[in-house]
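See structure below.
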Amino acid sequence: MNRFDKSAKSVLFPAALIVMLALCGRLAAAGPPLGQILEKTEAKYKRIQAFTASFRQTTTSAAAGTVTPEEATGRLYYAKPRQMRWEYDKPEPQIFIANNDYAWLYVPSENQVSLFDANKLFASPLAQTFFSGAVGLKKNFEITLDSALSASNSAALKLVPIQEDPNIKLLFLWIDLNTYGITRIESQDILGNTNRIVLDSLTPVSNIDRKLFQMDIPKGTHVLDVDGRELTPPEIEQLKSKIASGKAG
């Protein structure tokens, strides 16, 4: 089975990434040195309208007492508001995209597109924080500076959800104290699974081609709806028409 099965994808996708740019929201000062770190990081990301970055991702599944890490690499594109694209090149090409209307995963080797409920995705406090900055981190997390994991040139922030969340038991963010950019993210869920993302060469850009965030369904591709049901050819054509007209739903 492809490692991006339906259940794994829902956990993998935004849990850690959604928090990465949450610091561009409205964070209250927490007092030095944490308050200063948050303030400068917030200021940096508020100035960024779009960026690209390379990423290295390691996921660890804890099951039956065994731990099996899986590694992936690729390229990330992000643009305000609410648009992101993950292009995986290893272990195999895959693309995950989310925009205002849709969220989906395309797996070329399986000739398959899997749709996700974008409304549910955007409705979560974490998604609102990431996509619009409408919800501050401190509304959803207790934030502390982890001195043991920090270094002279980087700060490790520990985030504990205020309300219980099965997908996020604990989060860590590593911030470069020279640039105040987030360089590493690690999340843990209640089952003991971890998801670590390291960002390399994060480059702010003035704009990104919006076509990167649009759905393109190759001819002959199998399309699964949010419940895992395969769409019929007429339904796929209807979906394509909605995409072309800019009407979701």
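Just remember, in the structure tokens the first chain shown is A, the second B, etc., residues are 1-based per chain, and ligands are 1-based in the order shown.
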
Ile185 in chain A surroundings by only C-alpha atoms, 6 Å radius, close-in-sequence under 4 positions cut, as a PyMOL selection string: chain A and resi 172-173+196-197

All residues 7 Å or closer to range 154-156 of chain A, only C-alpha atoms, same chain fewer than 5 positions away omitted, as a CSV table (one decimal) with C-alpha atoms, in the first residue's frame:
```
chain,number,residue,atom,x,y,z
A,145,LEU,CA,11.2,27.9,25.3
A,146,ASP,CA,12.9,24.5,25.5
A,149,LEU,CA,16.9,21.6,22.7
A,172,PHE,CA,8.3,21.7,18.4
A,173,LEU,CA,9.5,24.6,16.3
A,174,TRP,CA,13.2,25.4,15.7
A,175,ILE,CA,13.9,29.1,14.9
A,176,ASP,CA,17.2,30.4,13.5
A,177,LEU,CA,18.1,33.3,15.7
```

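The closest residue to Asp89 in chain A, picked from A:Ala62, A:Lys120, A:Ala244, A:Gln57 and counting only C-alpha atoms, is A:Gln57.
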
For Lys80 in chain A, the nearest of the candidates A:Thr183, A:Gln94, A:Ser206, A:Ser245, counting only C-alpha atoms: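 Smallest distance to Lys80 in chain A is found for A:Ser206.
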
DSSP alpha helix (DSSP H) residues within range 105-175 of chain A, listed as a PyMOL selection string: chain A and resi 118-123+125-132+137-140

For those residues, write N, CA and C atoms to a file as a CSV table (one decimal), in the first residue's frame.
```csv
chain,number,residue,atom,x,y,z
A,118,ALA,N,-12.0,20.4,1.8
A,118,ALA,CA,-11.3,21.7,2.0
A,118,ALA,C,-12.0,22.5,3.1
A,119,ASN,N,-13.3,22.5,3.2
A,119,ASN,CA,-14.0,23.3,4.2
A,119,ASN,C,-13.7,22.8,5.6
A,120,LYS,N,-13.6,21.5,5.8
A,120,LYS,CA,-13.2,21.0,7.1
A,120,LYS,C,-11.8,21.3,7.4
A,121,LEU,N,-10.9,21.3,6.4
A,121,LEU,CA,-9.5,21.6,6.6
A,121,LEU,C,-9.4,23.0,7.0
A,122,PHE,N,-10.1,23.9,6.3
A,122,PHE,CA,-9.9,25.4,6.6
A,122,PHE,C,-10.6,25.8,7.9
A,123,ALA,N,-11.6,25.0,8.4
A,123,ALA,CA,-12.4,25.3,9.5
A,123,ALA,C,-11.7,25.1,10.8
A,125,PRO,N,-9.0,25.4,13.8
A,125,PRO,CA,-8.2,26.6,14.3
A,125,PRO,C,-6.8,26.6,13.8
A,126,LEU,N,-6.2,25.4,13.7
A,126,LEU,CA,-4.8,25.4,13.1
A,126,LEU,C,-4.8,25.8,11.7
A,127,ALA,N,-5.7,25.4,10.9
A,127,ALA,CA,-5.8,25.8,9.5
A,127,ALA,C,-6.0,27.3,9.4
A,128,GLN,N,-7.0,27.8,10.2
A,128,GLN,CA,-7.2,29.3,10.1
A,128,GLN,C,-6.0,30.1,10.5
A,129,THR,N,-5.2,29.6,11.5
A,129,THR,CA,-4.0,30.3,11.8
A,129,THR,C,-3.0,30.3,10.7
A,130,PHE,N,-2.9,29.1,10.1
A,130,PHE,CA,-1.9,29.0,9.0
A,130,PHE,C,-2.3,29.8,7.8
A,131,PHE,N,-3.5,29.6,7.4
A,131,PHE,CA,-3.9,30.2,6.1
A,131,PHE,C,-4.2,31.7,6.2
A,132,SER,N,-4.8,32.2,7.3
A,132,SER,CA,-5.2,33.6,7.4
A,132,SER,C,-4.6,34.4,8.5
A,137,LEU,N,-1.3,31.8,17.9
A,137,LEU,CA,-0.8,30.5,18.4
A,137,LEU,C,-1.2,30.4,19.9
A,138,LYS,N,-1.2,31.5,20.6
A,138,LYS,CA,-1.5,31.4,22.1
A,138,LYS,C,-2.9,31.1,22.4
A,139,LYS,N,-3.8,31.1,21.4
A,139,LYS,CA,-5.2,30.7,21.6
A,139,LYS,C,-5.3,29.2,21.5
A,140,ASN,N,-4.4,28.6,20.9
A,140,ASN,CA,-4.4,27.1,20.7
A,140,ASN,C,-3.3,26.3,21.4
```

Range 44-220 of chain A: residues DSSP assigns to strand (DSSP E or B), reported as number ranges by chain: A: 50-63, 66-79, 83-90, 94-98, 103-107, 112-116, 141-145, 151, 154-161, 170-176, 182-188, 194-204

Okay, now the selection with C-alpha atoms, as a PDB file, in the first residue's frame?
```
ATOM      1  CA  ALA A  50       4.955  33.915  -0.726  1.00  0.00           C
ATOM      2  CA  PHE A  51       7.952  31.632  -0.495  1.00  0.00           C
ATOM      3  CA  THR A  52       9.557  28.482  -1.833  1.00  0.00           C
ATOM      4  CA  ALA A  53      11.695  25.997   0.068  1.00  0.00           C
ATOM      5  CA  SER A  54      13.210  22.561  -0.172  1.00  0.00           C
ATOM      6  CA  PHE A  55      12.113  20.136   2.517  1.00  0.00           C
ATOM      7  CA  ARG A  56      13.216  16.888   4.101  1.00  0.00           C
ATOM      8  CA  GLN A  57      10.528  14.941   5.890  1.00  0.00           C
ATOM      9  CA  THR A  58      10.834  11.984   8.245  1.00  0.00           C
ATOM     10  CA  THR A  59       7.759  10.183   9.538  1.00  0.00           C
ATOM     11  CA  THR A  60       7.915   7.556  12.253  1.00  0.00           C
ATOM     12  CA  SER A  61       5.034   5.163  12.888  1.00  0.00           C
ATOM     13  CA  ALA A  62       4.918   3.559  16.303  1.00  0.00           C
ATOM     14  CA  ALA A  63       3.005   0.278  16.057  1.00  0.00           C
ATOM     15  CA  THR A  66       8.251  -1.114  16.520  1.00  0.00           C
ATOM     16  CA  VAL A  67       9.474   2.142  15.041  1.00  0.00           C
ATOM     17  CA  THR A  68       9.974   2.409  11.285  1.00  0.00           C
ATOM     18  CA  PRO A  69      11.136   5.786   9.949  1.00  0.00           C
ATOM     19  CA  GLU A  70      10.244   6.841   6.419  1.00  0.00           C
ATOM     20  CA  GLU A  71      11.989   9.647   4.583  1.00  0.00           C
ATOM     21  CA  ALA A  72      10.827  11.945   1.821  1.00  0.00           C
ATOM     22  CA  THR A  73      12.179  15.021   0.079  1.00  0.00           C
ATOM     23  CA  GLY A  74      10.732  17.635  -2.216  1.00  0.00           C
ATOM     24  CA  ARG A  75       9.811  21.248  -2.840  1.00  0.00           C
ATOM     25  CA  LEU A  76       7.261  23.433  -1.055  1.00  0.00           C
ATOM     26  CA  TYR A  77       5.427  26.468  -2.475  1.00  0.00           C
ATOM     27  CA  TYR A  78       3.295  28.740  -0.325  1.00  0.00           C
ATOM     28  CA  ALA A  79       1.336  31.909  -1.094  1.00  0.00           C
ATOM     29  CA  GLN A  83      -2.502  28.231  -1.007  1.00  0.00           C
ATOM     30  CA  MET A  84       0.198  25.589  -0.765  1.00  0.00           C
ATOM     31  CA  ARG A  85       1.810  22.948  -2.924  1.00  0.00           C
ATOM     32  CA  TRP A  86       4.001  20.041  -1.791  1.00  0.00           C
ATOM     33  CA  GLU A  87       5.967  18.377  -4.585  1.00  0.00           C
ATOM     34  CA  TYR A  88       7.517  15.113  -3.426  1.00  0.00           C
ATOM     35  CA  ASP A  89      10.362  13.677  -5.502  1.00  0.00           C
ATOM     36  CA  LYS A  90      11.431  10.887  -3.110  1.00  0.00           C
ATOM     37  CA  GLN A  94       3.534  12.862  -5.501  1.00  0.00           C
ATOM     38  CA  ILE A  95       1.817  16.242  -5.296  1.00  0.00           C
ATOM     39  CA  PHE A  96      -0.398  17.584  -2.518  1.00  0.00           C
ATOM     40  CA  ILE A  97      -2.175  20.896  -3.130  1.00  0.00           C
ATOM     41  CA  ALA A  98      -4.629  22.952  -1.103  1.00  0.00           C
ATOM     42  CA  ALA A 103      -7.457  19.902  -1.326  1.00  0.00           C
ATOM     43  CA  TRP A 104      -6.143  16.822  -3.086  1.00  0.00           C
ATOM     44  CA  LEU A 105      -3.262  14.393  -3.540  1.00  0.00           C
ATOM     45  CA  TYR A 106      -2.074  13.237  -6.965  1.00  0.00           C
ATOM     46  CA  VAL A 107      -0.067   9.997  -7.151  1.00  0.00           C
ATOM     47  CA  GLN A 112      -5.005   8.532  -8.972  1.00  0.00           C
ATOM     48  CA  VAL A 113      -6.256  11.790  -7.466  1.00  0.00           C
ATOM     49  CA  SER A 114      -7.712  11.728  -3.936  1.00  0.00           C
ATOM     50  CA  LEU A 115      -9.928  14.633  -2.875  1.00  0.00           C
ATOM     51  CA  PHE A 116     -10.202  16.035   0.651  1.00  0.00           C
ATOM     52  CA  PHE A 141      -1.133  26.316  22.415  1.00  0.00           C
ATOM     53  CA  GLU A 142       0.832  26.771  25.575  1.00  0.00           C
ATOM     54  CA  ILE A 143       4.242  27.928  24.330  1.00  0.00           C
ATOM     55  CA  THR A 144       7.521  27.585  26.191  1.00  0.00           C
ATOM     56  CA  LEU A 145      11.173  27.864  25.287  1.00  0.00           C
ATOM     57  CA  ALA A 151      21.428  26.258  20.971  1.00  0.00           C
ATOM     58  CA  SER A 154      18.658  28.490  17.384  1.00  0.00           C
ATOM     59  CA  ALA A 155      15.652  28.418  19.687  1.00  0.00           C
ATOM     60  CA  ALA A 156      13.410  25.410  20.177  1.00  0.00           C
ATOM     61  CA  LEU A 157       9.805  26.235  21.055  1.00  0.00           C
ATOM     62  CA  LYS A 158       7.589  23.645  22.698  1.00  0.00           C
ATOM     63  CA  LEU A 159       3.865  23.898  21.909  1.00  0.00           C
ATOM     64  CA  VAL A 160       1.232  21.932  23.818  1.00  0.00           C
ATOM     65  CA  PRO A 161      -2.384  22.102  22.544  1.00  0.00           C
ATOM     66  CA  LEU A 170       3.035  17.961  21.022  1.00  0.00           C
ATOM     67  CA  LEU A 171       4.818  20.318  18.622  1.00  0.00           C
ATOM     68  CA  PHE A 172       8.340  21.680  18.441  1.00  0.00           C
ATOM     69  CA  LEU A 173       9.507  24.580  16.265  1.00  0.00           C
ATOM     70  CA  TRP A 174      13.170  25.423  15.713  1.00  0.00           C
ATOM     71  CA  ILE A 175      13.907  29.068  14.882  1.00  0.00           C
ATOM     72  CA  ASP A 176      17.170  30.418  13.474  1.00  0.00           C
ATOM     73  CA  ILE A 182      11.609  28.496  11.070  1.00  0.00           C
ATOM     74  CA  THR A 183      14.019  25.765  10.033  1.00  0.00           C
ATOM     75  CA  ARG A 184      12.519  22.617  11.539  1.00  0.00           C
ATOM     76  CA  ILE A 185       9.138  21.377  12.724  1.00  0.00           C
ATOM     77  CA  GLU A 186       8.337  18.210  14.637  1.00  0.00           C
ATOM     78  CA  SER A 187       4.890  16.953  15.618  1.00  0.00           C
ATOM     79  CA  GLN A 188       3.773  14.017  17.728  1.00  0.00           C
ATOM     80  CA  THR A 194       6.074  11.650  14.730  1.00  0.00           C
ATOM     81  CA  ASN A 195       6.417  13.864  11.680  1.00  0.00           C
ATOM     82  CA  ARG A 196       9.590  15.915  11.247  1.00  0.00           C
ATOM     83  CA  ILE A 197      10.059  18.516   8.512  1.00  0.00           C
ATOM     84  CA  VAL A 198      13.326  20.330   7.914  1.00  0.00           C
ATOM     85  CA  LEU A 199      13.165  23.380   5.643  1.00  0.00           C
ATOM     86  CA  ASP A 200      16.188  24.279   3.529  1.00  0.00           C
ATOM     87  CA  SER A 201      16.788  27.327   1.355  1.00  0.00           C
ATOM     88  CA  LEU A 202      13.546  29.088   2.263  1.00  0.00           C
ATOM     89  CA  THR A 203      13.307  31.949  -0.233  1.00  0.00           C
ATOM     90  CA  PRO A 204      10.688  34.722  -0.007  1.00  0.00           C
TER      91      PRO A 204
END
```
